[in-house]
Amino acid sequence: MRIICPFCGERELGEFTYLGDAKPQRPAADAGEDAVYDYVYLRDNIAGVISEYWYHGGGCRAWLKVTRNTLTHEISAVEPAAGAGAAKVGA
Amino acid sequence: MADFSWDIRSPLDRALVAGPYGAQGEAGVSLTEIRNFDLVQVMARRGKAGETIAAAKARLGAAAPETPKAVSIADATVIWSGPDQFFVLSKGGKHSIDALASVFAGSASLSDQSHARALISISGDKARAMLAKLSSIDLHPDVFGVGAAAATSMDHTSVTLWRGDDRNGQAVFNLLVFATFAESLWHTILDSAAEHGVTIGHSEDLA
Amino acid sequence: MMRGDQANRLNNGGLIDRTAPLSFRFDGKNFLGFKGDTLASALVANGIKLVGRSFKYHRPRGILTAGSEEPNALVELRSGARREPNTKATTAELYEGLEAASQNRWPSLNFDVMSVNQLFAPIFVAGFYYKTFMWPAKFWEAIYEPAIRRAAGLGRAAGVSDPDHYDKAWAHCDVVIAGSGPAGLAAALAAGRSGARVILCEEDFVLGGRLLADGGTIDGLPAAEWIAGAVAELTAMPDVRIMRRTTLFGVYDGGTYGAIERVNDHLPVPPEHQVRQRLWRIVAKRCVVAAGAIERPIVFAGNDTPGVMMASAMRSYINRYAATPARRIALFTNNEDGWRTAETAIAAGLQVAAVIDARPDVSPAHRSLASKGGFPVLHGSVSAVDRGKAGVRKISVALTGGARAEVEADGLAVSGGWNPAVGLTSYHRGRPKWRDDIAAFVPDGAPPGMVAAGAANGAFGLGACLREGFEAGAAAARDAGRGGNIGSMPVADDEAFSLTPLWHVAGNGKAFVDQQHDVTASDVELAQREGFQSVEHLKRYTTLGMATDQGKTSNVAGLAIMAAVTGKSIPETGTTIYRPPYVPVAIGAFAGHHRDENFHATRLTPSHHWAAEQGAVFVDTGLWKRAQWYPRAGEKDWLESVTREVKAVRSGVGFCDVSTLGKIDVHGPDAGAFLDRVYINAFSSLAVGKARYGLMLREDGIVYDDGTTSRLAEDHYFLTTTTAKAGLVMQHLEFCRQVLFPELDVQLTSVSDQWAQFSIAGPKTRDLLKEIVDPAEDLSNEGFPFMGAREVKLRGGLKARLFRISFSGEMAFEISVPARYGEAMARNLMLAGKPFGVTPYGTEALGVMRIEKGHVAGPELNGTTTAGDLGLGKMMSTKKDFIGRVMAGREALTVPNRQVVVGIKPTDKARRLRSGAHIIPKGETPGPENDQGYVTSVCFSPVLDQWIGLGLVERGRERIGEIVRAHDPLRGEDYDVEFCNSVFYDPDGGRQRG
């Protein structure tokens, strides 16, 4: 498998580390135990298109959001995590 | 009072044996370790990528690359190392971390990597054939031209690779490898290059 | 003494170099062949028909094919450490001094005692493993398996380490082409001319594919001339790479292809510094599969008799190698193409005994060929083969209409039609589709970027192959963005192809479907009767297609027979899933450089070579080599050395290279806030110039890592991790920075390799440091208090970082200098410490002192423990959010009966405590229901003069003084231990603060 890193270009799978589903968002500090429990443990097992986190640790060390079809392995989009590089986000 | 000597030792000091190696005859691969350099990692702070590049330009006279490129100026090379970050490679302290600290104050964070890497310069007819065993990226001249750079991996080890100016009509590939991995990767490089015949040396001069 | 006179070699022709004779040995006998031969063609030239014994029944077998689909002619190639079993004689290139031995026979090929297996044939039928050897279960390992292994099987592995080298490489191109027959060459020409970067892989050592055996006229030129012209044109193109002896064996996601290049298999031993084989990972925008087709056998009784050969293979031997497999040849065909073998035989001056054609009609041209050649055309099928000493002797023919005929011949060529090589196109779970006109499966789509052309796509005519190849090559180049002038397409006529499907001729005697696994037509029928009708079940129950040839000559016939007995059509019956590799690939090639000492990369500490000079014993810690202890002359074992090192530190001073700890620069205005979120305790409140121990949790509340972090400037922290987790913590922190907390202005860099860091410990540490540090630096308790951290100047001007932290419980500092000074630092510490008896110590002594001090490490940070379990629960801040905070508070992680860290020592001071021993209350029976925890870390404590340890035990901290059993079934030990404070040494910490 090959992933087009938005910073480095197309690279082979061995340069990347997989994390998992990019959908769950870390709950706010006061969200309560149930919300955190869902965030930590609950995952959909999607047969189809999923957005997931990959780390280009063998390259530019950017965290990437990869849109991938789990049935075909086709990758339709790759975008950097919000805070990759010096991007200014939020506060 | 003991008489201390602070000998400096490159991470390849023991492993590197200058001279020919591998197949006899005309060497297809030339390996030169460049020793004792200053290497500073410059990482722009949030929202300050533009300021960082401007600061680099004011100081070095060249814009720091925003894409995987290496830019050579008179006394330094600026090498892209990731989004909004780059290395400044130089000799003799002119662009050491202490010298650069004020240049990037407020715009970027600096980290001294001078001792964290070994620098190997690779050239020769068979340099690409040898590198094809180590690197998964495409080094064809149309794809990886002079000044191209990559943050990539060799032998599962992170490296920074860039193509310097050609020397004697031949491509020159420069490789920064982590110091503690250097000896191991050096042996892998030698194994990969042996069939082509190798000439090995070291130098104090940046290419 | 040379034996074998190449009696079956034609005087003229063939792509062999008669000026380059090569001697070789087969089963201990000497023969001669020529450069350009394969082992198989040289054996054919020397009249050798019997080359091996079969897998189950030990039946004599000959050469069936002339390519990589060969099921029978497998040999052990080379000898000694280089002996390679199951090498196909049909692809093994002849070289001077080649040694090969037939397989699976004892004591000799001609007389094999195991051929009695044939008498027991009824027990070797489909599923025999499952049926025959069911009971009693214990017999399986002791009796059945060894017996089966002796009786059935293929070649023998060398049994010793392979002395040759293998490597792996990457290649990149626009178009990769599998196969260099007419379609492949035409594709390469079109793509190459358009300016594309092309890689042309050919598994043979000569380019040309079937053209080499079947010739033809292309662009008005004889095939050989056209090939030479095409190859010359391709060779002149700088971006076209022709890879001979290279099989494209697999396709992977994202346009990545696997190929195996047999770089030096054609030489007795690879030249110095060269590899035997190279595994290629080819990244290509497009792929043209021009891998051709495989001629398929017809299944009939005695079809495995030596002398029975595929018709196309017979043409290969005669035309390409000028070697005649037989003198008097019979041909059994169901199609037009098979007749070429009769033409070839006549042209070579051989006798044609008869053509047995299963079709009702034969073309007028062939009828006149028969009458000119003076041989009969028999309409019918071969029903039996009579075997003499030299293989085929007489062939029985069941004529259409019921009559019988007999044909005397010493060779039988068989053509059942052609199966396109659909492997590569089907490797992503593609299912080929059935085409009635050629009675074969052809590709139905392919992985992205791939297309089949020529015979691989079911186009069997020469003109069609050239056309499809050229068009596919041009389209592939165009898709890859290349638009050069592709010139004119090579042109040739198309031959007629007519076929009447015939898979299996009913008859008496064994009729083999899969010759390599000895699966017969009746095995397939039996599988059907027993309910194994799905092709996937058929495959596994009979093992059809599961041998090293992966059923290249047998799969389609097997499912055709299954279709016939189930009354379904062949496409309804379907194919099994195709999986790579297309040909066997040596594990050595997959490993490449990564074997023995190169199994993985290694990391060396800055003082490694100094430590090696001191005679240090090294231990592998992840990728690192770390000094474990420094033995001295006269010390009888590691324990004596380690005990000496510990005592030296506790009474004087010692040092240890701790550069393996992960070190991360955390920069930026929000660095403190960032660390507050990743550690359970606060770091924004840490004063500049101070260090603090920190603990990180996973989001699920379990401890992730620990280490000290120092604040070197308002916006600069220096964070350390454990050796084991260095890379993972960096990844985790980057996730926090980029994904979880992108609003924080913080930058991270690994500086693990930048600093050589040494721990200096013992009551005389300050004395030593005063020697080495500039006298202007204040190292007193007031000037440099416990947990202080700052830059200092060394004598001579070098700057270093000094941290007053202690892992040993002694007065200690860690000092770091830029890594290239690391070795000098070790030497200077020895020099400076000489008056104080300085002692270098290794990881064992480090471990002993941390256990004496009750510090947790890897065995306690084991992915199941909480901060509370480790006795560090009070560190958890209640004033801020941090990773793992919420989950750490859930019930299961906070119940009072959790297993927590406690000190453990045997009640018998002389007894050795062992890690892994289970804690069982006194008077209880060992077992899961009474298991209260286990011993995690142990050492011999020189201070206490006994073995001590740490354990994770239910309510351990509340049970100080209680005596329990340490139950160690692994070592057969059971002894009493006492719980105690986990800090065995200097519990109030006076020494490290002093």
# chains A, B, ... in the order shown; residues from 1 in each chain; ligands from 1
$ residues_around --residues "Tyr578 (chain C)" --least-positions-apart "6" --cutoff "12 Å" --atoms "only C-alpha atoms" --output "list in words"
Phe249, Gly250, Val251, Ala421, Val422, Gly423, Leu424, Thr425, Ser426, Tyr427, His428, Arg429, Gly430, Arg431, Pro432, Pro443, Glu536, Gly545, Met546, Gln550, Gly551, Lys552 and Asn555 of chain C
$ interface_residues --of "chain B" --to "chain A" --cutoff "10 Å" --atoms "only C-alpha atoms" --output "ChimeraX atom specification"
/B:43-50,66-68,80-85,108,136-138,149-154,156-160
$ residues_around --residues "Ser123 (chain B)" --least-positions-apart "4" --cutoff "7 Å" --atoms "only C-alpha atoms" --output "PyMOL selection string"
chain B and resi 29-31+127+170-173
$ interface_residues --of "chain A" --to "chain C" --cutoff "10 Å" --atoms "only C-alpha atoms" --output "NGL selection string"
:A and (1-3 or 10 or 12-13 or 17 or 19 or 22 or 25-26 or 28-37 or 39-41 or 53-57 or 61-65 or 72-75 or 80-91)
$ atom_distance --atom1 "CA of Ser641 (chain C)" --atom2 "CA of Trp629 (chain C)"
6.8 Å
$ closest_atom_pairs --of "chain B" --to "chain C" --cutoff "6 Å" --atoms "only C-alpha atoms" --output "Markdown table"
| residue | atom | partner | partner_atom | distance |
| --- | --- | --- | --- | --- |
| B:Phe4 | CA | C:Asn828 | CA | 6.0 |
| B:Trp6 | CA | C:Ala824 | CA | 5.5 |
| B:Asp7 | CA | C:Ala824 | CA | 5.7 |
| B:Ile8 | CA | C:Tyr821 | CA | 5.2 |
| B:Arg9 | CA | C:Arg820 | CA | 5.0 |
| B:Ser10 | CA | C:Arg820 | CA | 5.8 |
| B:Arg46 | CA | C:Asp745 | CA | 5.3 |
| B:Gln113 | CA | C:Gln754 | CA | 5.7 |
| B:His115 | CA | C:Gln754 | CA | 4.8 |
| B:Ala116 | CA | C:Gln754 | CA | 3.8 |
| B:Ala132 | CA | C:Trp170 | CA | 5.2 |
| B:Lys133 | CA | C:Ala169 | CA | 4.0 |
| B:Ser136 | CA | C:Trp170 | CA | 5.7 |
| B:Ala179 | CA | C:Asp753 | CA | 5.9 |
| B:Thr180 | CA | C:Arg603 | CA | 4.9 |
| B:Phe181 | CA | C:Arg603 | CA | 4.8 |
| B:Ser184 | CA | C:Thr602 | CA | 5.6 |
| B:Ala194 | CA | C:His273 | CA | 5.7 |
| B:Glu195 | CA | C:His273 | CA | 4.7 |
$ closest_residue --among "C:Val289, C:Leu502, C:Met562, C:Ala789" --to "Arg529 (chain C)" --atoms "only C-alpha atoms"
C:Met562
$ residues_around --residues "Arg340 (chain C)" --least-positions-apart "6" --cutoff "9 Å" --atoms "only C-alpha atoms" --output "PDB file with C-alpha atoms, in the first residue's frame"
ATOM      1  CA  ASP C 214       7.290 -21.913 -32.249  1.00  0.00           C
ATOM      2  CA  ALA C 311       2.991 -31.030 -26.980  1.00  0.00           C
ATOM      3  CA  SER C 312       4.317 -27.471 -26.703  1.00  0.00           C
ATOM      4  CA  ARG C 315       8.393 -28.404 -29.549  1.00  0.00           C
TER       5      ARG C 315
END
$ select_by_dssp --residues "region 58-101 of chain B" --states "helix (DSSP H, G or I)" --output "PyMOL selection string"
chain B and resi 58-60+97-101
$ write_last_selection --atoms "N, CA and C atoms" --output "PDB file, in the first residue's frame"
ATOM      1  N   ALA B  58      16.656  36.554   5.821  1.00  0.00           N
ATOM      2  CA  ALA B  58      17.428  37.715   6.259  1.00  0.00           C
ATOM      3  C   ALA B  58      18.816  37.287   6.709  1.00  0.00           C
ATOM      4  N   ARG B  59      18.861  36.159   7.381  1.00  0.00           N
ATOM      5  CA  ARG B  59      20.140  35.729   7.926  1.00  0.00           C
ATOM      6  C   ARG B  59      21.023  35.059   6.871  1.00  0.00           C
ATOM      7  N   LEU B  60      20.398  34.166   6.077  1.00  0.00           N
ATOM      8  CA  LEU B  60      21.197  33.313   5.194  1.00  0.00           C
ATOM      9  C   LEU B  60      21.191  33.794   3.749  1.00  0.00           C
ATOM     10  N   ILE B  97      23.813  26.706  16.803  1.00  0.00           N
ATOM     11  CA  ILE B  97      22.565  27.035  17.500  1.00  0.00           C
ATOM     12  C   ILE B  97      22.714  28.337  18.291  1.00  0.00           C
ATOM     13  N   ASP B  98      23.875  28.556  18.858  1.00  0.00           N
ATOM     14  CA  ASP B  98      24.068  29.802  19.614  1.00  0.00           C
ATOM     15  C   ASP B  98      23.996  30.998  18.681  1.00  0.00           C
ATOM     16  N   ALA B  99      24.569  30.825  17.480  1.00  0.00           N
ATOM     17  CA  ALA B  99      24.581  31.937  16.524  1.00  0.00           C
ATOM     18  C   ALA B  99      23.196  32.214  15.970  1.00  0.00           C
ATOM     19  N   LEU B 100      22.393  31.171  15.862  1.00  0.00           N
ATOM     20  CA  LEU B 100      21.074  31.336  15.243  1.00  0.00           C
ATOM     21  C   LEU B 100      19.980  31.707  16.243  1.00  0.00           C
ATOM     22  N   ALA B 101      20.278  31.534  17.536  1.00  0.00           N
ATOM     23  CA  ALA B 101      19.231  31.693  18.557  1.00  0.00           C
ATOM     24  C   ALA B 101      18.519  33.030  18.417  1.00  0.00           C
TER      25      ALA B 101
END
$ closest_residue --among "A:Cys5, A:Pro24, A:Thr70, A:Phe16" --to "Val49 (chain A)" --atoms "only C-alpha atoms"
A:Thr70
$ select_by_dssp --residues "region 99-193 of chain B" --states "strand (DSSP E)" --output "ChimeraX atom specification"
/B:108-112,117-123,149-154,157-163,172-178
$ write_last_selection --atoms "N, CA and C atoms" --output "compact mmCIF listing (two decimals), in the first residue's frame"
# COMPACT_ATOMS: atom_id res chain seq x y z
N ALA B 108 10.68 30.81 15.92
CA ALA B 108 10.87 29.36 15.78
C ALA B 108 11.58 28.79 17.00
N SER B 109 11.41 27.49 17.19
CA SER B 109 12.15 26.78 18.24
C SER B 109 13.33 26.09 17.59
N LEU B 110 14.47 26.14 18.26
CA LEU B 110 15.68 25.54 17.70
C LEU B 110 16.12 24.35 18.55
N SER B 111 16.64 23.36 17.89
CA SER B 111 17.16 22.20 18.61
C SER B 111 18.48 21.82 17.97
N ASP B 112 19.51 21.70 18.79
CA ASP B 112 20.82 21.36 18.25
C ASP B 112 20.87 19.87 17.92
N ARG B 117 23.51 13.33 14.40
CA ARG B 117 23.51 12.72 13.07
C ARG B 117 24.93 12.46 12.60
N ALA B 118 25.03 11.50 11.69
CA ALA B 118 26.24 11.34 10.89
C ALA B 118 25.85 11.73 9.47
N LEU B 119 26.81 12.27 8.74
CA LEU B 119 26.53 12.76 7.38
C LEU B 119 27.40 11.97 6.40
N ILE B 120 26.73 11.34 5.45
CA ILE B 120 27.44 10.51 4.47
C ILE B 120 27.10 11.03 3.08
N SER B 121 28.11 11.24 2.30
CA SER B 121 27.93 11.69 0.93
C SER B 121 28.18 10.50 0.00
N ILE B 122 27.24 10.28 -0.91
CA ILE B 122 27.27 9.08 -1.76
C ILE B 122 27.26 9.52 -3.22
N SER B 123 28.21 9.04 -3.98
CA SER B 123 28.21 9.35 -5.41
C SER B 123 28.76 8.14 -6.17
N ALA B 149 14.97 16.90 -1.81
CA ALA B 149 15.24 16.36 -0.47
C ALA B 149 14.09 15.47 -0.05
N ALA B 150 14.35 14.60 0.90
CA ALA B 150 13.30 13.72 1.42
C ALA B 150 13.57 13.38 2.87
N ALA B 151 12.52 13.44 3.67
CA ALA B 151 12.56 12.84 5.00
C ALA B 151 11.99 11.45 4.80
N THR B 152 12.81 10.43 4.96
CA THR B 152 12.38 9.09 4.61
C THR B 152 13.06 8.08 5.53
N SER B 153 12.98 6.80 5.17
CA SER B 153 13.57 5.77 6.02
C SER B 153 14.47 4.87 5.19
N MET B 154 15.53 4.40 5.80
CA MET B 154 16.36 3.36 5.21
C MET B 154 16.59 2.31 6.27
N THR B 157 15.07 2.95 9.47
CA THR B 157 15.66 4.01 10.26
C THR B 157 15.41 5.33 9.56
N SER B 158 14.97 6.34 10.31
CA SER B 158 14.69 7.63 9.70
C SER B 158 15.97 8.28 9.20
N VAL B 159 15.91 8.85 8.03
CA VAL B 159 17.06 9.55 7.45
C VAL B 159 16.55 10.81 6.74
N THR B 160 17.49 11.70 6.48
CA THR B 160 17.21 12.84 5.61
C THR B 160 18.14 12.69 4.41
N LEU B 161 17.55 12.69 3.23
CA LEU B 161 18.32 12.46 2.01
C LEU B 161 18.13 13.66 1.10
N TRP B 162 19.20 14.20 0.56
CA TRP B 162 19.02 15.24 -0.45
C TRP B 162 20.12 15.14 -1.50
N ARG B 163 19.79 15.68 -2.66
CA ARG B 163 20.74 15.65 -3.76
C ARG B 163 21.43 17.00 -3.85
N VAL B 172 25.28 13.59 -6.60
CA VAL B 172 25.78 13.42 -5.23
C VAL B 172 24.58 13.36 -4.30
N PHE B 173 24.48 12.28 -3.56
CA PHE B 173 23.38 12.12 -2.60
C PHE B 173 23.95 12.27 -1.19
N ASN B 174 23.32 13.13 -0.42
CA ASN B 174 23.76 13.35 0.96
C ASN B 174 22.74 12.74 1.91
N LEU B 175 23.28 12.11 2.93
CA LEU B 175 22.44 11.32 3.81
C LEU B 175 22.76 11.67 5.26
N LEU B 176 21.75 12.17 5.97
CA LEU B 176 21.91 12.39 7.41
C LEU B 176 21.25 11.22 8.13
N VAL B 177 22.01 10.52 8.95
CA VAL B 177 21.45 9.38 9.67
C VAL B 177 21.64 9.59 11.16
N PHE B 178 20.76 9.02 11.96
CA PHE B 178 20.89 9.15 13.41
C PHE B 178 22.22 8.53 13.87
$ closest_residue --among "B:Ala148, B:Ile200, B:Leu139, B:Leu206" --to "Pro20 (chain B)" --atoms "only C-alpha atoms"
B:Ile200
$ residues_around --residues "Cys201 (chain C)" --least-positions-apart "3" --cutoff "7 Å" --atoms "only C-alpha atoms" --output "list in words"
Ile177, Ala178, Gly179, Ile242, Met243, Arg244, Thr246, Thr247 and Leu248 of chain C
$ write_last_selection --atoms "C-alpha atoms" --output "short mmCIF file (atom, residue, chain, number, x, y, z; two decimals), in the first residue's frame"
data_model
loop_
_atom_site.label_atom_id
_atom_site.label_comp_id
_atom_site.auth_asym_id
_atom_site.auth_seq_id
_atom_site.Cartn_x
_atom_site.Cartn_y
_atom_site.Cartn_z
CA ILE C 177 5.52 -5.81 -18.18
CA ALA C 178 5.37 -9.45 -17.16
CA GLY C 179 6.65 -11.65 -19.95
CA ILE C 242 15.09 -5.50 -19.30
CA MET C 243 15.22 -7.95 -16.41
CA ARG C 244 15.93 -11.51 -17.46
CA THR C 246 13.04 -12.32 -13.19
CA THR C 247 9.53 -13.48 -12.37
CA LEU C 248 6.84 -10.96 -11.51
#
$ residues_around --residues "Ile46 (chain A)" --least-positions-apart "6" --cutoff "10 Å" --atoms "only C-alpha atoms" --output "JSON, numbers by chain"
{"A": [21, 69, 70, 71]}
$ residues_around --residues "Thr305 (chain C)" --least-positions-apart "5" --cutoff "9 Å" --atoms "only C-alpha atoms" --output "mmCIF file with all heavy atoms, in the first residue's frame"
data_model
loop_
_atom_site.group_PDB
_atom_site.id
_atom_site.type_symbol
_atom_site.label_atom_id
_atom_site.label_comp_id
_atom_site.auth_asym_id
_atom_site.auth_seq_id
_atom_site.Cartn_x
_atom_site.Cartn_y
_atom_site.Cartn_z
ATOM 1 N N ARG C 59 5.724 -43.156 -7.911
ATOM 2 C CA ARG C 59 5.702 -43.608 -9.305
ATOM 3 C C ARG C 59 6.813 -42.916 -10.078
ATOM 4 O O ARG C 59 7.125 -41.759 -9.825
ATOM 5 C CB ARG C 59 4.353 -43.270 -9.945
ATOM 6 C CG ARG C 59 3.232 -44.194 -9.455
ATOM 7 C CD ARG C 59 1.891 -43.660 -9.856
ATOM 8 N NE ARG C 59 1.627 -43.729 -11.285
ATOM 9 C CZ ARG C 59 0.893 -44.684 -11.847
ATOM 10 N NH1 ARG C 59 0.382 -45.651 -11.114
ATOM 11 N NH2 ARG C 59 0.661 -44.666 -13.149
ATOM 12 N N PRO C 60 7.408 -43.621 -11.019
ATOM 13 C CA PRO C 60 8.452 -42.997 -11.831
ATOM 14 C C PRO C 60 7.854 -41.866 -12.658
ATOM 15 O O PRO C 60 6.753 -42.001 -13.201
ATOM 16 C CB PRO C 60 8.951 -44.137 -12.712
ATOM 17 C CG PRO C 60 7.888 -45.169 -12.688
ATOM 18 C CD PRO C 60 7.155 -45.024 -11.399
ATOM 19 N N ARG C 61 8.562 -40.784 -12.701
ATOM 20 C CA ARG C 61 8.056 -39.621 -13.434
ATOM 21 C C ARG C 61 9.139 -39.052 -14.342
ATOM 22 O O ARG C 61 10.331 -39.113 -14.039
ATOM 23 C CB ARG C 61 7.597 -38.529 -12.456
ATOM 24 C CG ARG C 61 6.342 -38.900 -11.665
ATOM 25 C CD ARG C 61 5.073 -38.716 -12.493
ATOM 26 N NE ARG C 61 3.915 -39.374 -11.894
ATOM 27 C CZ ARG C 61 3.173 -38.861 -10.909
ATOM 28 N NH1 ARG C 61 3.487 -37.692 -10.406
ATOM 29 N NH2 ARG C 61 2.144 -39.519 -10.443
ATOM 30 N N GLY C 62 8.669 -38.453 -15.430
ATOM 31 C CA GLY C 62 9.586 -37.825 -16.375
ATOM 32 C C GLY C 62 9.355 -36.329 -16.418
ATOM 33 O O GLY C 62 8.811 -35.741 -15.500
ATOM 34 N N VAL C 385 -1.650 -46.247 -21.270
ATOM 35 C CA VAL C 385 -0.270 -46.181 -21.757
ATOM 36 C C VAL C 385 0.470 -47.384 -21.195
ATOM 37 O O VAL C 385 0.439 -47.635 -19.989
ATOM 38 C CB VAL C 385 0.409 -44.881 -21.295
ATOM 39 C CG1 VAL C 385 1.860 -44.854 -21.749
ATOM 40 C CG2 VAL C 385 -0.341 -43.668 -21.839
ATOM 41 N N ASP C 386 1.105 -48.091 -22.068
ATOM 42 C CA ASP C 386 1.873 -49.265 -21.649
ATOM 43 C C ASP C 386 3.317 -48.823 -21.453
ATOM 44 O O ASP C 386 3.925 -48.236 -22.343
ATOM 45 C CB ASP C 386 1.761 -50.351 -22.729
ATOM 46 C CG ASP C 386 2.415 -51.645 -22.250
ATOM 47 O OD1 ASP C 386 2.638 -51.780 -21.030
ATOM 48 O OD2 ASP C 386 2.718 -52.488 -23.108
ATOM 49 N N ARG C 387 3.821 -49.087 -20.261
ATOM 50 C CA ARG C 387 5.139 -48.567 -19.910
ATOM 51 C C ARG C 387 6.188 -49.666 -19.986
ATOM 52 O O ARG C 387 6.026 -50.750 -19.427
ATOM 53 C CB ARG C 387 5.090 -48.022 -18.480
ATOM 54 C CG ARG C 387 6.388 -47.453 -17.988
ATOM 55 C CD ARG C 387 6.122 -46.533 -16.822
ATOM 56 N NE ARG C 387 5.564 -47.271 -15.690
ATOM 57 C CZ ARG C 387 6.313 -47.816 -14.732
ATOM 58 N NH1 ARG C 387 7.624 -47.723 -14.753
ATOM 59 N NH2 ARG C 387 5.761 -48.449 -13.727
ATOM 60 N N GLY C 391 10.028 -46.006 -20.240
ATOM 61 C CA GLY C 391 8.859 -45.137 -20.292
ATOM 62 C C GLY C 391 7.855 -45.628 -21.326
ATOM 63 O O GLY C 391 7.646 -46.838 -21.497
ATOM 64 N N VAL C 392 7.234 -44.645 -21.989
ATOM 65 C CA VAL C 392 6.154 -44.963 -22.935
ATOM 66 C C VAL C 392 6.621 -46.003 -23.963
ATOM 67 O O VAL C 392 7.707 -45.891 -24.535
ATOM 68 C CB VAL C 392 5.708 -43.677 -23.675
ATOM 69 C CG1 VAL C 392 4.710 -44.013 -24.775
ATOM 70 C CG2 VAL C 392 5.118 -42.674 -22.686
#
